[in-house]
Amino acid sequence: MAAVVGAAVGVVGTSLAAAVAGMSAQRQVRAEHRHWRRQLRRDAYAALIVKADEVLKALKNTGAELIRPGMGLDTAGDGIAYARALLHEGFADAHATVEIEGPEKLARMAGELSQPLSACIAALHAATLGRSSATPVAVPESQRIRRFLDHASTKRSQFVEHARRTVDV
């Protein structure tokens, strides 16, 4: 009888140990998966921020060129084309990755960031139409461009704030 009870205790003990080890392994796998997903999101958010910064820098440089006396329209046109290419290629790719990685709120915020960037490109382009190299952009046009840049910078900051919260979860 003692041998049967001993064997039963051994079987139950071994089963319990295996169950605990299995649950521990599952927890470890889930934790590693969450870490991996968090890392993917962090990388996606960082890539979008880097691309937004590249577009913003190109737009600021082009805006500065347009208000400079004796501005170069060719240089401004090149800057506008460069900013447009950055927005439609690099930023768009980074935005698509954020859409895939989620969450929906950050994907929407990335789209909201692209709008003032695109509007600034359009404003810069409009400011160069029919203009000679000798005349800088008028103050109202310059202020309009600055408002788009400020709005884009605000949207960027909001995206960063929400991205931090999402990654820290």
# chains A, B, ... in the order shown; residues from 1 in each chain; ligands from 1
>>> residues_around(residues="A:Arg108", least_positions_apart="4", cutoff="10 Å", atoms="only C-alpha atoms", output="VMD selection string")
chain A and resid 95 98 to 99 102 to 104 112 to 113 159
>>> closest_atom_pairs(of="stretch 80-138 of chain A", to="stretch 31-47 of chain A", cutoff="12 Å", atoms="only C-alpha atoms", output="CSV")
residue,atom,partner,partner_atom,distance
A:Gly90,CA,A:Ala47,CA,9.0
A:Phe91,CA,A:Ala47,CA,8.3
A:Ala92,CA,A:Ala47,CA,10.7
A:Asp93,CA,A:Ala47,CA,9.2
A:Ala94,CA,A:Ala47,CA,5.9
A:His95,CA,A:Ala44,CA,8.3
A:Ala96,CA,A:Ala44,CA,9.2
A:Thr97,CA,A:Ala44,CA,6.0
A:Val98,CA,A:Ala44,CA,5.6
A:Glu99,CA,A:Ala44,CA,9.3
A:Ile100,CA,A:Ala44,CA,9.3
A:Glu101,CA,A:Arg41,CA,5.8
A:Gly102,CA,A:Arg41,CA,7.5
A:Pro103,CA,A:Arg41,CA,9.1
A:Leu106,CA,A:Tyr45,CA,8.7
A:Ala107,CA,A:Tyr45,CA,9.7
A:Met109,CA,A:Tyr45,CA,11.0
A:Ala110,CA,A:Tyr45,CA,9.1
>>> closest_residue(among="A:Val20, A:Leu129, A:Val29, A:Ala138", to="A:Pro69", atoms="only C-alpha atoms")
A:Ala138
>>> residues_around(residues="A:Gly79", least_positions_apart="3", cutoff="7 Å", atoms="only C-alpha atoms", output="PyMOL selection string")
chain A and resi 58+62+75-76+82-83
>>> write_last_selection(atoms="all heavy atoms", output="PDB file, in the first residue's frame")
ATOM      1  N   ALA A  58      13.655  70.063 -44.614  1.00  0.00           N
ATOM      2  CA  ALA A  58      13.672  70.493 -46.016  1.00  0.00           C
ATOM      3  C   ALA A  58      12.712  71.668 -46.230  1.00  0.00           C
ATOM      4  O   ALA A  58      13.035  72.621 -46.952  1.00  0.00           O
ATOM      5  CB  ALA A  58      13.310  69.325 -46.932  1.00  0.00           C
ATOM      6  N   THR A  62      13.744  75.512 -47.288  1.00  0.00           N
ATOM      7  CA  THR A  62      13.162  76.098 -48.495  1.00  0.00           C
ATOM      8  C   THR A  62      12.425  77.377 -48.157  1.00  0.00           C
ATOM      9  O   THR A  62      12.535  78.376 -48.881  1.00  0.00           O
ATOM     10  CB  THR A  62      12.221  75.088 -49.185  1.00  0.00           C
ATOM     11  OG1 THR A  62      12.961  73.907 -49.479  1.00  0.00           O
ATOM     12  CG2 THR A  62      11.644  75.655 -50.464  1.00  0.00           C
ATOM     13  N   THR A  75      16.846  76.980 -56.593  1.00  0.00           N
ATOM     14  CA  THR A  75      17.148  76.325 -55.316  1.00  0.00           C
ATOM     15  C   THR A  75      15.865  76.031 -54.562  1.00  0.00           C
ATOM     16  O   THR A  75      15.698  74.944 -54.004  1.00  0.00           O
ATOM     17  CB  THR A  75      18.071  77.221 -54.458  1.00  0.00           C
ATOM     18  OG1 THR A  75      19.250  77.513 -55.206  1.00  0.00           O
ATOM     19  CG2 THR A  75      18.443  76.550 -53.162  1.00  0.00           C
ATOM     20  N   ALA A  76      14.950  76.998 -54.534  1.00  0.00           N
ATOM     21  CA  ALA A  76      13.669  76.797 -53.851  1.00  0.00           C
ATOM     22  C   ALA A  76      12.871  75.680 -54.528  1.00  0.00           C
ATOM     23  O   ALA A  76      12.285  74.830 -53.857  1.00  0.00           O
ATOM     24  CB  ALA A  76      12.865  78.096 -53.832  1.00  0.00           C
ATOM     25  N   TYR A  82      12.385  68.137 -53.418  1.00  0.00           N
ATOM     26  CA  TYR A  82      13.014  67.223 -52.464  1.00  0.00           C
ATOM     27  C   TYR A  82      12.068  66.926 -51.307  1.00  0.00           C
ATOM     28  O   TYR A  82      11.891  65.755 -50.916  1.00  0.00           O
ATOM     29  CB  TYR A  82      14.319  67.842 -51.958  1.00  0.00           C
ATOM     30  CG  TYR A  82      15.027  67.018 -50.916  1.00  0.00           C
ATOM     31  CD1 TYR A  82      15.545  65.765 -51.222  1.00  0.00           C
ATOM     32  CD2 TYR A  82      15.174  67.493 -49.626  1.00  0.00           C
ATOM     33  CE1 TYR A  82      16.196  65.005 -50.259  1.00  0.00           C
ATOM     34  CE2 TYR A  82      15.826  66.742 -48.654  1.00  0.00           C
ATOM     35  CZ  TYR A  82      16.335  65.502 -48.976  1.00  0.00           C
ATOM     36  OH  TYR A  82      16.978  64.752 -48.027  1.00  0.00           O
ATOM     37  N   ALA A  83      11.431  67.964 -50.759  1.00  0.00           N
ATOM     38  CA  ALA A  83      10.481  67.768 -49.648  1.00  0.00           C
ATOM     39  C   ALA A  83       9.307  66.907 -50.102  1.00  0.00           C
ATOM     40  O   ALA A  83       8.852  66.014 -49.374  1.00  0.00           O
ATOM     41  CB  ALA A  83       9.988  69.113 -49.133  1.00  0.00           C
TER      42      ALA A  83
END
>>> atom_distance(atom1="atom CA of A:Ile121", atom2="atom CA of A:Leu59")
7.2 Å
>>> closest_residue(among="A:Ala18, A:Ala163, A:Ala152, A:Ile145", to="A:Gln115", atoms="only C-alpha atoms")
A:Ala152
>>> closest_residue(among="A:Leu73, A:Met23, A:Leu149, A:Val160", to="A:Gly130", atoms="only C-alpha atoms")
A:Leu73
>>> closest_residue(among="A:Leu56, A:Val5, A:Ala17, A:Ile67", to="A:Ser153", atoms="only C-alpha atoms")
A:Leu56
>>> closest_residue(among="A:Val137, A:Ala19, A:Val12, A:Leu87", to="A:Ile49", atoms="only C-alpha atoms")
A:Leu87
>>> decode(residues="stretch 17-42 of chain A", atoms="N, CA and C atoms", output="PDB file, in the first residue's frame")
ATOM      1  N   ALA A  17       4.705  19.473 -11.347  1.00  0.00           N
ATOM      2  CA  ALA A  17       5.949  20.125 -11.752  1.00  0.00           C
ATOM      3  C   ALA A  17       5.934  20.417 -13.251  1.00  0.00           C
ATOM      4  N   ALA A  18       5.450  19.442 -14.033  1.00  0.00           N
ATOM      5  CA  ALA A  18       5.379  19.642 -15.487  1.00  0.00           C
ATOM      6  C   ALA A  18       4.382  20.745 -15.836  1.00  0.00           C
ATOM      7  N   ALA A  19       3.249  20.783 -15.137  1.00  0.00           N
ATOM      8  CA  ALA A  19       2.239  21.813 -15.397  1.00  0.00           C
ATOM      9  C   ALA A  19       2.784  23.199 -15.052  1.00  0.00           C
ATOM     10  N   VAL A  20       3.453  23.318 -13.912  1.00  0.00           N
ATOM     11  CA  VAL A  20       4.031  24.600 -13.506  1.00  0.00           C
ATOM     12  C   VAL A  20       5.103  25.043 -14.503  1.00  0.00           C
ATOM     13  N   ALA A  21       5.929  24.111 -14.915  1.00  0.00           N
ATOM     14  CA  ALA A  21       6.972  24.438 -15.892  1.00  0.00           C
ATOM     15  C   ALA A  21       6.349  24.867 -17.219  1.00  0.00           C
ATOM     16  N   GLY A  22       5.272  24.184 -17.632  1.00  0.00           N
ATOM     17  CA  GLY A  22       4.588  24.538 -18.881  1.00  0.00           C
ATOM     18  C   GLY A  22       3.969  25.923 -18.806  1.00  0.00           C
ATOM     19  N   MET A  23       3.330  26.240 -17.682  1.00  0.00           N
ATOM     20  CA  MET A  23       2.723  27.572 -17.514  1.00  0.00           C
ATOM     21  C   MET A  23       3.804  28.648 -17.481  1.00  0.00           C
ATOM     22  N   SER A  24       4.890  28.347 -16.843  1.00  0.00           N
ATOM     23  CA  SER A  24       6.001  29.299 -16.787  1.00  0.00           C
ATOM     24  C   SER A  24       6.574  29.541 -18.181  1.00  0.00           C
ATOM     25  N   ALA A  25       6.696  28.489 -18.944  1.00  0.00           N
ATOM     26  CA  ALA A  25       7.207  28.622 -20.315  1.00  0.00           C
ATOM     27  C   ALA A  25       6.242  29.438 -21.172  1.00  0.00           C
ATOM     28  N   GLN A  26       4.937  29.207 -20.995  1.00  0.00           N
ATOM     29  CA  GLN A  26       3.954  29.984 -21.752  1.00  0.00           C
ATOM     30  C   GLN A  26       4.018  31.463 -21.383  1.00  0.00           C
ATOM     31  N   ARG A  27       4.152  31.747 -20.104  1.00  0.00           N
ATOM     32  CA  ARG A  27       4.284  33.143 -19.671  1.00  0.00           C
ATOM     33  C   ARG A  27       5.524  33.779 -20.288  1.00  0.00           C
ATOM     34  N   GLN A  28       6.591  33.027 -20.317  1.00  0.00           N
ATOM     35  CA  GLN A  28       7.843  33.533 -20.896  1.00  0.00           C
ATOM     36  C   GLN A  28       7.671  33.816 -22.387  1.00  0.00           C
ATOM     37  N   VAL A  29       7.008  32.905 -23.087  1.00  0.00           N
ATOM     38  CA  VAL A  29       6.776  33.093 -24.527  1.00  0.00           C
ATOM     39  C   VAL A  29       5.906  34.318 -24.759  1.00  0.00           C
ATOM     40  N   ARG A  30       4.840  34.485 -23.961  1.00  0.00           N
ATOM     41  CA  ARG A  30       3.968  35.662 -24.107  1.00  0.00           C
ATOM     42  C   ARG A  30       4.733  36.948 -23.814  1.00  0.00           C
ATOM     43  N   ALA A  31       5.552  36.937 -22.785  1.00  0.00           N
ATOM     44  CA  ALA A  31       6.335  38.122 -22.438  1.00  0.00           C
ATOM     45  C   ALA A  31       7.312  38.463 -23.561  1.00  0.00           C
ATOM     46  N   GLU A  32       7.966  37.473 -24.129  1.00  0.00           N
ATOM     47  CA  GLU A  32       8.894  37.715 -25.237  1.00  0.00           C
ATOM     48  C   GLU A  32       8.155  38.237 -26.462  1.00  0.00           C
ATOM     49  N   HIS A  33       6.957  37.722 -26.714  1.00  0.00           N
ATOM     50  CA  HIS A  33       6.164  38.174 -27.850  1.00  0.00           C
ATOM     51  C   HIS A  33       5.756  39.641 -27.655  1.00  0.00           C
ATOM     52  N   ARG A  34       5.295  39.985 -26.453  1.00  0.00           N
ATOM     53  CA  ARG A  34       4.932  41.377 -26.162  1.00  0.00           C
ATOM     54  C   ARG A  34       6.142  42.292 -26.336  1.00  0.00           C
ATOM     55  N   HIS A  35       7.294  41.853 -25.877  1.00  0.00           N
ATOM     56  CA  HIS A  35       8.519  42.644 -26.028  1.00  0.00           C
ATOM     57  C   HIS A  35       8.862  42.829 -27.514  1.00  0.00           C
ATOM     58  N   TRP A  36       8.745  41.770 -28.282  1.00  0.00           N
ATOM     59  CA  TRP A  36       9.026  41.824 -29.714  1.00  0.00           C
ATOM     60  C   TRP A  36       8.065  42.792 -30.412  1.00  0.00           C
ATOM     61  N   ARG A  37       6.765  42.718 -30.077  1.00  0.00           N
ATOM     62  CA  ARG A  37       5.769  43.607 -30.684  1.00  0.00           C
ATOM     63  C   ARG A  37       6.043  45.068 -30.287  1.00  0.00           C
ATOM     64  N   ARG A  38       6.395  45.284 -29.044  1.00  0.00           N
ATOM     65  CA  ARG A  38       6.713  46.635 -28.569  1.00  0.00           C
ATOM     66  C   ARG A  38       7.917  47.188 -29.334  1.00  0.00           C
ATOM     67  N   GLN A  39       8.901  46.337 -29.569  1.00  0.00           N
ATOM     68  CA  GLN A  39      10.090  46.754 -30.309  1.00  0.00           C
ATOM     69  C   GLN A  39       9.749  47.094 -31.764  1.00  0.00           C
ATOM     70  N   LEU A  40       8.891  46.283 -32.387  1.00  0.00           N
ATOM     71  CA  LEU A  40       8.462  46.578 -33.759  1.00  0.00           C
ATOM     72  C   LEU A  40       7.753  47.931 -33.822  1.00  0.00           C
ATOM     73  N   ARG A  41       6.869  48.165 -32.879  1.00  0.00           N
ATOM     74  CA  ARG A  41       6.153  49.434 -32.853  1.00  0.00           C
ATOM     75  C   ARG A  41       7.120  50.593 -32.614  1.00  0.00           C
ATOM     76  N   ARG A  42       8.020  50.421 -31.666  1.00  0.00           N
ATOM     77  CA  ARG A  42       8.981  51.487 -31.373  1.00  0.00           C
ATOM     78  C   ARG A  42       9.780  51.830 -32.629  1.00  0.00           C
TER      79      ARG A  42
END
